[in-house]
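Engineer: Input file: final25.cif. Contents: mmCIF, C-alpha atoms and all ligand atoms.
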```cif
data_upload
loop_
_atom_site.label_atom_id
_atom_site.label_comp_id
_atom_site.auth_asym_id
_atom_site.auth_seq_id
_atom_site.Cartn_x
_atom_site.Cartn_y
_atom_site.Cartn_z
CA MET A 1 14.05 -4.51 -17.96
CA ALA A 2 15.35 -1.05 -18.49
CA SER A 3 18.75 0.35 -17.63
CA SER A 4 21.81 -1.73 -18.36
CA VAL A 5 24.06 0.18 -16.08
CA LEU A 6 21.76 -0.43 -13.19
CA TYR A 7 21.48 -4.09 -14.02
CA ARG A 8 22.77 -6.38 -11.34
CA SER A 9 23.67 -9.91 -12.21
CA ALA A 10 25.09 -12.64 -10.06
CA ASN A 11 27.16 -13.97 -12.94
CA PRO A 12 29.98 -12.27 -14.77
CA TRP A 13 29.75 -12.80 -18.49
CA TRP A 14 31.66 -12.07 -21.65
CA ILE A 15 31.02 -11.08 -25.17
CA PHE A 16 33.33 -11.65 -28.07
CA PHE A 17 33.62 -8.78 -30.45
CA PRO A 18 34.66 -9.13 -34.09
CA ARG A 19 38.18 -9.87 -35.02
CA LEU A 20 40.66 -7.09 -34.45
CA SER A 21 43.37 -6.48 -37.01
CA HIS A 22 46.96 -7.24 -36.22
CA ARG A 23 47.70 -3.56 -36.51
CA ASN A 24 45.37 -2.95 -33.64
CA LEU A 25 46.97 -5.59 -31.56
CA LEU A 26 49.31 -3.40 -29.62
CA THR A 27 47.12 -0.38 -29.26
CA GLN A 28 43.67 -1.75 -28.77
CA CYS A 29 42.11 -4.45 -26.75
CA THR A 30 38.54 -5.54 -26.47
CA VAL A 31 37.58 -5.42 -22.89
CA VAL A 32 34.25 -6.94 -22.47
CA LEU A 33 31.66 -6.78 -19.80
CA GLN A 34 33.44 -6.23 -16.61
CA ARG A 35 31.31 -5.72 -13.59
CA SER A 36 32.09 -2.69 -11.54
CA GLU A 37 31.85 -3.86 -7.98
CA ARG A 38 31.57 -0.26 -6.83
CA LEU A 39 28.39 0.57 -8.68
CA GLY A 40 27.20 -2.74 -9.99
CA HIS A 41 27.71 -1.34 -13.46
CA VAL A 42 28.18 -3.51 -16.48
CA PHE A 43 30.27 -2.20 -19.27
CA SER A 44 32.14 -3.27 -22.32
CA ALA A 45 34.97 -1.48 -23.93
CA THR A 46 37.89 -1.59 -26.24
CA THR A 47 40.87 0.50 -25.39
CA SER A 48 42.60 3.03 -27.54
CA THR A 49 46.26 3.81 -27.13
CA ALA A 50 45.50 6.19 -24.30
CA ALA A 51 43.38 3.68 -22.50
CA ALA A 52 45.98 1.02 -23.08
CA ALA A 53 48.38 3.31 -21.27
CA ASP A 54 45.94 3.37 -18.37
CA HIS A 55 46.07 -0.38 -18.32
CA GLU A 56 49.81 -0.29 -18.33
CA ARG A 57 49.67 2.01 -15.33
CA CYS A 58 47.38 -0.29 -13.44
CA GLY A 59 49.51 -3.26 -14.34
CA ARG A 60 46.82 -5.24 -16.15
CA ARG A 61 47.87 -7.36 -19.09
CA PHE A 62 45.98 -8.15 -22.25
CA ARG A 63 45.88 -11.51 -23.85
CA ARG A 64 44.98 -12.66 -27.27
CA GLY A 65 41.94 -14.88 -27.35
CA LYS A 66 40.20 -17.20 -29.77
CA SER A 67 39.84 -15.96 -33.33
CA ASP A 68 42.23 -13.10 -32.77
CA ASN A 69 39.88 -11.47 -30.33
CA LEU A 70 41.72 -9.49 -27.78
CA LYS A 71 40.40 -9.73 -24.34
CA GLY A 72 41.46 -7.94 -21.25
CA SER A 73 40.37 -6.97 -17.86
CA CYS A 74 40.65 -3.29 -17.20
CA CYS A 75 40.34 -1.03 -14.21
CA ALA A 76 40.39 2.38 -15.87
CA ASP A 77 37.08 3.87 -16.89
CA THR A 78 38.48 5.85 -19.80
CA PHE A 79 37.95 3.25 -22.49
CA VAL A 80 36.74 3.87 -25.96
CA VAL A 81 35.38 1.24 -28.25
CA ALA A 82 37.30 0.81 -31.45
CA SER A 83 35.93 -1.21 -34.30
CA ASP A 84 37.92 -3.29 -36.70
CA GLU A 85 39.17 -2.25 -40.10
CA LYS A 86 35.79 -2.82 -41.73
CA TYR A 87 34.70 0.41 -40.06
CA GLY A 88 37.91 2.31 -40.62
CA ASP A 89 39.08 1.96 -37.04
CA LYS A 90 36.19 4.12 -35.90
CA GLN A 91 36.39 4.74 -32.21
CA VAL A 92 33.24 5.17 -30.18
CA ILE A 93 32.97 6.06 -26.56
CA SER A 94 31.92 3.41 -24.11
CA VAL A 95 29.66 4.51 -21.29
CA THR A 96 31.78 3.76 -18.28
CA PRO A 97 30.55 4.36 -14.71
CA ARG A 98 32.33 7.69 -14.47
CA LEU A 99 31.08 8.89 -17.83
CA TYR A 100 27.57 7.71 -17.09
CA ASP A 101 27.57 9.58 -13.78
CA TYR A 102 28.57 12.68 -15.75
CA LEU A 103 25.82 12.07 -18.30
CA LEU A 104 23.23 11.79 -15.54
CA THR A 105 24.29 15.13 -14.13
CA ASN A 106 23.34 16.57 -17.53
CA VAL A 107 19.82 15.15 -17.62
CA ARG A 108 17.05 17.63 -16.87
CA GLU A 109 14.88 15.37 -14.79
CA PRO A 110 11.64 16.97 -13.58
CA GLU A 111 11.28 16.98 -9.79
CA ILE A 112 8.22 14.71 -9.87
CA LEU A 113 10.13 12.11 -11.90
CA ARG A 114 13.03 12.27 -9.48
CA GLU A 115 10.66 11.63 -6.58
CA LEU A 116 9.06 8.69 -8.38
CA ARG A 117 12.45 7.24 -9.26
CA GLU A 118 13.63 7.51 -5.67
CA GLU A 119 10.46 5.95 -4.27
CA THR A 120 10.70 3.15 -6.84
CA ALA A 121 14.34 2.59 -5.91
CA THR A 122 13.13 1.21 -2.57
CA MET A 123 10.83 -1.29 -4.30
CA ARG A 124 11.30 -4.76 -5.71
CA GLY A 125 12.14 -4.64 -9.41
CA SER A 126 13.40 -1.06 -9.28
CA GLN A 127 16.07 -1.87 -11.86
CA MET A 128 13.25 -2.25 -14.38
CA GLN A 129 12.46 1.43 -14.68
CA VAL A 130 14.08 3.24 -17.58
CA SER A 131 17.02 5.47 -16.75
CA PRO A 132 16.60 9.26 -16.64
CA ASP A 133 18.49 9.70 -19.91
CA GLN A 134 16.21 7.16 -21.60
CA ALA A 135 13.11 8.89 -20.27
CA GLN A 136 14.45 12.20 -21.52
CA LEU A 137 14.95 10.72 -25.00
CA LEU A 138 11.40 9.32 -25.03
CA ALA A 139 10.00 12.70 -24.00
CA MET A 140 12.11 14.40 -26.66
CA LEU A 141 10.80 12.06 -29.37
CA VAL A 142 7.22 12.70 -28.32
CA GLN A 143 7.83 16.43 -28.47
CA ILE A 144 9.64 16.33 -31.82
CA LEU A 145 6.78 14.30 -33.28
CA GLY A 146 4.16 16.53 -31.73
CA ALA A 147 2.57 13.25 -30.70
CA GLU A 148 -0.90 13.41 -29.17
CA ARG A 149 -1.84 9.76 -28.93
CA CYS A 150 0.65 7.42 -27.29
CA ILE A 151 0.79 3.87 -25.97
CA GLU A 152 3.06 2.35 -23.36
CA VAL A 153 3.40 -1.41 -23.04
CA GLY A 154 4.86 -2.16 -19.59
CA VAL A 155 4.30 0.65 -17.09
CA TYR A 156 5.68 -0.70 -13.79
CA THR A 157 5.54 2.27 -11.35
CA GLY A 158 5.19 4.75 -14.17
CA TYR A 159 8.56 6.42 -14.67
CA SER A 160 8.66 6.32 -18.49
CA SER A 161 4.91 6.83 -18.89
CA LEU A 162 4.98 9.87 -16.61
CA ALA A 163 7.89 11.30 -18.62
CA ILE A 164 5.73 10.94 -21.74
CA ALA A 165 2.52 12.24 -20.15
CA LEU A 166 4.31 15.31 -18.83
CA VAL A 167 5.20 16.48 -22.34
CA LEU A 168 1.88 15.62 -23.99
CA PRO A 169 -0.41 18.57 -24.72
CA GLU A 170 -3.58 18.92 -22.62
CA SER A 171 -5.50 17.18 -25.41
CA GLY A 172 -2.94 14.35 -25.41
CA HIS A 173 -3.76 10.77 -24.55
CA LEU A 174 -1.55 7.95 -23.27
CA VAL A 175 -2.77 4.35 -23.08
CA ALA A 176 -0.73 2.71 -20.31
CA CYS A 177 -0.78 -1.12 -20.28
CA GLU A 178 0.38 -3.02 -17.21
CA LYS A 179 -0.56 -6.36 -15.65
CA ASP A 180 0.63 -5.67 -12.11
CA ALA A 181 -1.98 -3.87 -9.99
CA SER A 182 0.28 -2.81 -7.14
CA SER A 183 2.80 -1.15 -9.49
CA LEU A 184 -0.07 0.64 -11.18
CA GLU A 185 -1.21 2.10 -7.86
CA VAL A 186 2.14 3.87 -7.54
CA ALA A 187 1.96 5.04 -11.16
CA LYS A 188 -1.56 6.44 -10.75
CA ARG A 189 -0.59 8.27 -7.57
CA TYR A 190 2.21 10.01 -9.46
CA TYR A 191 0.07 10.78 -12.54
CA ASP A 192 -2.31 12.45 -10.11
CA ARG A 193 0.38 14.37 -8.24
CA ALA A 194 1.86 15.54 -11.56
CA GLY A 195 -1.55 16.72 -12.78
CA VAL A 196 -1.57 14.40 -15.81
CA LEU A 197 -4.02 11.72 -14.64
CA HIS A 198 -6.63 12.98 -17.11
CA LYS A 199 -4.26 12.26 -20.00
CA VAL A 200 -3.60 8.64 -19.02
CA ASP A 201 -5.89 5.72 -19.81
CA VAL A 202 -4.65 2.89 -17.60
CA LYS A 203 -5.28 -0.61 -18.93
CA HIS A 204 -4.80 -3.16 -16.20
CA GLY A 205 -4.21 -6.63 -17.66
CA LEU A 206 -2.22 -8.32 -20.35
CA ALA A 207 -0.89 -5.75 -22.79
CA ALA A 208 -1.52 -7.85 -25.91
CA ASP A 209 -5.19 -8.18 -24.93
CA ALA A 210 -5.49 -4.42 -24.47
CA LEU A 211 -3.90 -3.76 -27.87
CA LYS A 212 -6.16 -6.32 -29.57
CA SER A 213 -9.23 -4.68 -28.02
CA MET A 214 -8.10 -1.30 -29.29
CA ILE A 215 -7.76 -2.72 -32.80
CA GLN A 216 -11.18 -4.35 -32.56
CA ARG A 217 -12.66 -1.02 -31.50
CA GLY A 218 -11.36 0.46 -34.76
CA GLU A 219 -8.45 2.46 -33.35
CA VAL A 220 -6.10 1.36 -36.15
CA ASP A 221 -3.75 3.94 -37.67
CA SER A 222 -4.39 6.38 -34.86
CA TYR A 223 -1.47 6.26 -32.41
CA ASP A 224 1.54 8.48 -33.03
CA PHE A 225 3.99 7.00 -30.58
CA ALA A 226 4.44 3.74 -28.67
CA PHE A 227 6.99 2.54 -26.14
CA VAL A 228 7.45 -1.20 -25.58
CA ASP A 229 8.99 -2.34 -22.29
CA ALA A 230 7.07 -5.44 -21.11
CA GLU A 231 7.50 -9.20 -21.63
CA LYS A 232 10.56 -9.71 -23.85
CA ARG A 233 9.27 -12.93 -25.42
CA MET A 234 6.23 -11.03 -26.65
CA TYR A 235 8.10 -8.28 -28.47
CA GLN A 236 7.25 -9.50 -31.97
CA GLU A 237 3.57 -9.77 -31.09
CA TYR A 238 3.45 -6.33 -29.47
CA PHE A 239 5.23 -4.92 -32.50
CA GLU A 240 2.75 -6.43 -34.97
CA LEU A 241 -0.20 -5.09 -32.98
CA LEU A 242 1.35 -1.65 -32.57
CA LEU A 243 2.10 -1.45 -36.29
CA GLN A 244 -1.64 -1.79 -36.88
CA LEU A 245 -2.32 0.98 -34.39
CA SER A 246 0.31 3.29 -35.93
CA PRO A 247 -0.40 5.64 -38.84
CA MET A 248 1.52 5.56 -42.12
CA GLN A 249 4.30 8.04 -42.78
CA VAL A 250 1.94 10.45 -44.50
CA ARG A 251 1.01 11.68 -41.03
CA ILE A 252 3.31 12.56 -38.17
CA GLY A 253 4.15 9.77 -35.85
CA GLY A 254 4.00 6.08 -36.41
CA VAL A 255 7.01 5.75 -34.14
CA ILE A 256 7.51 2.67 -31.98
CA VAL A 257 10.40 2.52 -29.51
CA ILE A 258 11.48 -0.86 -28.15
CA ASP A 259 13.51 -1.14 -24.95
CA ASN A 260 16.19 -3.67 -23.93
CA ILE A 261 17.17 -4.61 -27.43
CA LEU A 262 20.80 -5.13 -26.33
CA TRP A 263 19.66 -7.16 -23.31
CA HIS A 264 22.71 -6.48 -21.16
CA GLY A 265 24.89 -7.45 -24.10
CA LYS A 266 23.63 -11.02 -24.15
CA VAL A 267 22.23 -10.67 -27.68
CA ALA A 268 25.80 -10.49 -29.01
CA ASP A 269 27.09 -13.46 -27.04
CA PRO A 270 26.56 -16.71 -28.96
CA GLN A 271 27.03 -18.65 -25.74
CA VAL A 272 23.93 -17.13 -24.15
CA ASN A 273 20.81 -18.88 -25.35
CA ASP A 274 18.08 -18.45 -22.76
CA SER A 275 14.57 -17.87 -24.08
CA LYS A 276 14.48 -14.11 -23.52
CA THR A 277 17.85 -13.56 -25.18
CA ILE A 278 16.83 -15.68 -28.16
CA SER A 279 13.53 -13.80 -28.47
CA ILE A 280 15.21 -10.40 -28.48
CA ARG A 281 17.93 -11.61 -30.85
CA ASN A 282 15.28 -12.96 -33.25
CA PHE A 283 13.26 -9.78 -32.91
CA ASN A 284 16.29 -7.65 -33.77
CA ARG A 285 17.09 -9.86 -36.76
CA ASN A 286 13.51 -9.69 -38.03
CA LEU A 287 13.46 -5.93 -37.59
CA MET A 288 16.63 -5.59 -39.62
CA GLY A 289 14.86 -7.13 -42.60
CA ASP A 290 11.45 -5.55 -41.97
CA LYS A 291 10.72 -3.21 -44.87
CA ARG A 292 7.60 -1.86 -43.15
CA VAL A 293 9.71 0.32 -40.87
CA SER A 294 12.80 2.51 -40.80
CA ILE A 295 14.97 1.67 -37.81
CA SER A 296 17.68 3.09 -35.59
CA MET A 297 19.23 1.02 -32.81
CA VAL A 298 20.48 3.33 -30.07
CA PRO A 299 22.88 2.17 -27.32
CA ILE A 300 21.19 4.06 -24.50
CA GLY A 301 20.30 2.32 -21.27
CA ASP A 302 19.95 -1.34 -22.19
CA GLY A 303 19.57 -0.39 -25.83
CA MET A 304 16.52 1.01 -27.61
CA THR A 305 15.43 0.66 -31.22
CA ILE A 306 13.45 3.51 -32.68
CA CYS A 307 11.17 2.32 -35.50
CA ARG A 308 9.16 4.48 -37.84
CA LYS A 309 6.35 3.02 -39.87
CA ARG A 310 6.92 3.62 -43.57
C1 LIG B 401 10.60 -3.19 -17.47
S1 LIG B 401 9.12 -2.95 -16.61
C2 LIG B 401 8.52 -1.45 -17.25
C3 LIG B 401 9.29 -0.28 -16.74
C4 LIG B 401 8.67 1.04 -17.09
N1 LIG B 401 8.65 1.27 -18.50
C5 LIG B 401 9.41 2.15 -16.37
O1 LIG B 401 10.18 2.85 -16.99
O2 LIG B 401 9.23 2.26 -15.16
C6 LIG B 401 8.08 -4.14 -17.35
C7 LIG B 401 6.67 -4.14 -16.83
O3 LIG B 401 5.89 -4.89 -17.75
C8 LIG B 401 4.93 -5.58 -17.04
N2 LIG B 401 4.51 -6.72 -17.86
C9 LIG B 401 5.20 -7.84 -18.15
N3 LIG B 401 4.50 -8.63 -18.96
C10 LIG B 401 3.34 -7.99 -19.21
C11 LIG B 401 2.19 -8.29 -19.99
N4 LIG B 401 2.13 -9.44 -20.67
N5 LIG B 401 1.20 -7.41 -20.02
C12 LIG B 401 1.26 -6.24 -19.32
N6 LIG B 401 2.31 -5.91 -18.57
C13 LIG B 401 3.34 -6.77 -18.51
C14 LIG B 401 5.61 -6.00 -15.75
O4 LIG B 401 4.65 -6.24 -14.74
C15 LIG B 401 6.49 -4.80 -15.48
O5 LIG B 401 5.88 -3.92 -14.58
#
```
Go through the file and emit its structure as structure tokens.

Structural biologist:
Amino acid sequence: MASSVLYRSANPWWIFFPRLSHRNLLTQCTVVLQRSERLGHVFSATTSTAAAADHERCGRRFRRGKSDNLKGSCCADTFVVASDEKYGDKQVISVTPRLYDYLLTNVREPEILRELREETATMRGSQMQVSPDQAQLLAMLVQILGAERCIEVGVYTGYSSLAIALVLPESGHLVACEKDASSLEVAKRYYDRAGVLHKVDVKHGLAADALKSMIQRGEVDSYDFAFVDAEKRMYQEYFELLLQLSPMQVRIGGVIVIDNILWHGKVADPQVNDSKTISIRNFNRNLMGDKRVSISMVPIGDGMTICRKR
């Protein structure tokens, strides 16, 4: 699943952030995972002094929770996240609905992608497509790398793959793996309309099978860029296969981007232990200790980790 802010859940849920210092007690509160009824947004935040003042204005109160965590329920969308003293009280913005709306107005989304996104919005599973800002980051990475050979695992109706195909050179090649035929029909229609169909090699079926076949055909070390956005419980397997298909650092590329690594915040909530959350949590933990790659976890959309093969 792609965008966190577009995620809609029937159940409210909470995450407990690390202990806040006593000094922070009056000026900061951890406000975690409040659903915005207006937009169906999910967000987490910790207030600064200014945001605390907002809370005062709206009459909300904060309470101290277990283990000195401060929890509150906030209405203002001006929160910043402040970390505890281990990080020198670093404050980081939280992407609130208002701020995210602003961010989206600053995304240069090609017309054909906008049309695909809007058509997909009428379809079942539309929340799965990556957000425009995520797609823009993927396209940017492909361009920075000068990638020519790319793989996508989990195409759906093609939003992220089209964003990649659009920036590939004419000689570029994107292997697009997807098990759902009807979603692929939409994707292919848009590849065609965008004039990039010749760059895309659609693999209909299970993604792991497609990747194994590519390895068996001797395509190891030959893909510059991969984006993983399919079955969450398969992430480790996709990653191992893609590492074989990626070149070493001596060449450009060898970049693998994994989507949904924050999994709507559930990865940080010890009380959430469904199989997908556990899989992503384990995957993130393994990646942290995986010396084969350099990593950067980016809180965009539902969270992406950018990995580069060493
Ligand atoms: C989150 S969606 C992909 C969204 C897409 N990246 C986009 O931006 O529009 C995940 C897709 O992976 C597909 N999928 C799930 N498991 C798969 C598997 N084992 N093999 C191939 N595709 C799979 C689903 O059918 C679904 O269309």

Engineer: Write out as a PDB file with C-alpha atoms, keeping the file's coordinate frame the residues lying within 12 Å of A:Arg108, counting all atoms listed in the file and excluding same-chain residues fewer than 3 positions away.

Structural biologist:
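Below is the file selection.pdb, written as the result:
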```pdb
ATOM      1  CA  LEU A 103      25.820  12.070 -18.300  1.00  0.00           C
ATOM      2  CA  LEU A 104      23.230  11.790 -15.540  1.00  0.00           C
ATOM      3  CA  THR A 105      24.290  15.130 -14.130  1.00  0.00           C
ATOM      4  CA  GLU A 111      11.280  16.980  -9.790  1.00  0.00           C
ATOM      5  CA  ILE A 112       8.220  14.710  -9.870  1.00  0.00           C
ATOM      6  CA  LEU A 113      10.130  12.110 -11.900  1.00  0.00           C
ATOM      7  CA  ARG A 114      13.030  12.270  -9.480  1.00  0.00           C
ATOM      8  CA  PRO A 132      16.600   9.260 -16.640  1.00  0.00           C
ATOM      9  CA  ASP A 133      18.490   9.700 -19.910  1.00  0.00           C
ATOM     10  CA  GLN A 134      16.210   7.160 -21.600  1.00  0.00           C
ATOM     11  CA  ALA A 135      13.110   8.890 -20.270  1.00  0.00           C
ATOM     12  CA  GLN A 136      14.450  12.200 -21.520  1.00  0.00           C
ATOM     13  CA  LEU A 137      14.950  10.720 -25.000  1.00  0.00           C
ATOM     14  CA  ALA A 139      10.000  12.700 -24.000  1.00  0.00           C
ATOM     15  CA  MET A 140      12.110  14.400 -26.660  1.00  0.00           C
ATOM     16  CA  ALA A 163       7.890  11.300 -18.620  1.00  0.00           C
TER      17      ALA A 163
END
```

Engineer: Point out the residue among A:His173, A:Arg292, A:Lys232, A:Lys188 with the least atom-to-atom distance to A:Lys276, counting all atoms listed in the file.

Structural biologist: A:Lys232

Engineer: List every protein, DNA or RNA residue with an atom no more than 12 Å from (21.3, 3.1, -28.4) in the file's coordinates, counting only C-alpha atoms, and format the result as a PyMOL selection string.

Structural biologist: chain A and resi 3-4+94-95+133-134+137+257-263+265+295-306

Engineer: Taking all atoms listed in the file into account, which residues are within 6 Å of ligand LIG 401 (chain B), as a PyMOL selection string?

Structural biologist: chain A and resi 1-2+128-130+154-160+177-180+205-207+229-231

Engineer: Give me, as a Markdown table, each residue of stretch 192-218 of chain A that comes within 7 Å of stretch 234-245 of chain A, together with its shortest interatomic pair and the distance in Å at one decimal, counting only C-alpha atoms, with rows ordered by chain and rising residue number.

Structural biologist:
```
| residue | atom | partner | partner_atom | distance |
| --- | --- | --- | --- | --- |
| A:Ala208 | CA | A:Tyr238 | CA | 6.3 |
| A:Leu211 | CA | A:Leu241 | CA | 6.4 |
| A:Lys212 | CA | A:Leu241 | CA | 7.0 |
| A:Ile215 | CA | A:Leu245 | CA | 6.8 |
```

Engineer: What's the 12 Å shell around A:Asp192, counting all atoms listed in the file, without same-chain residues fewer than 5 positions away, as number ranges by chain?

Structural biologist: A: 112, 158, 162, 165-166, 185-187, 197-200
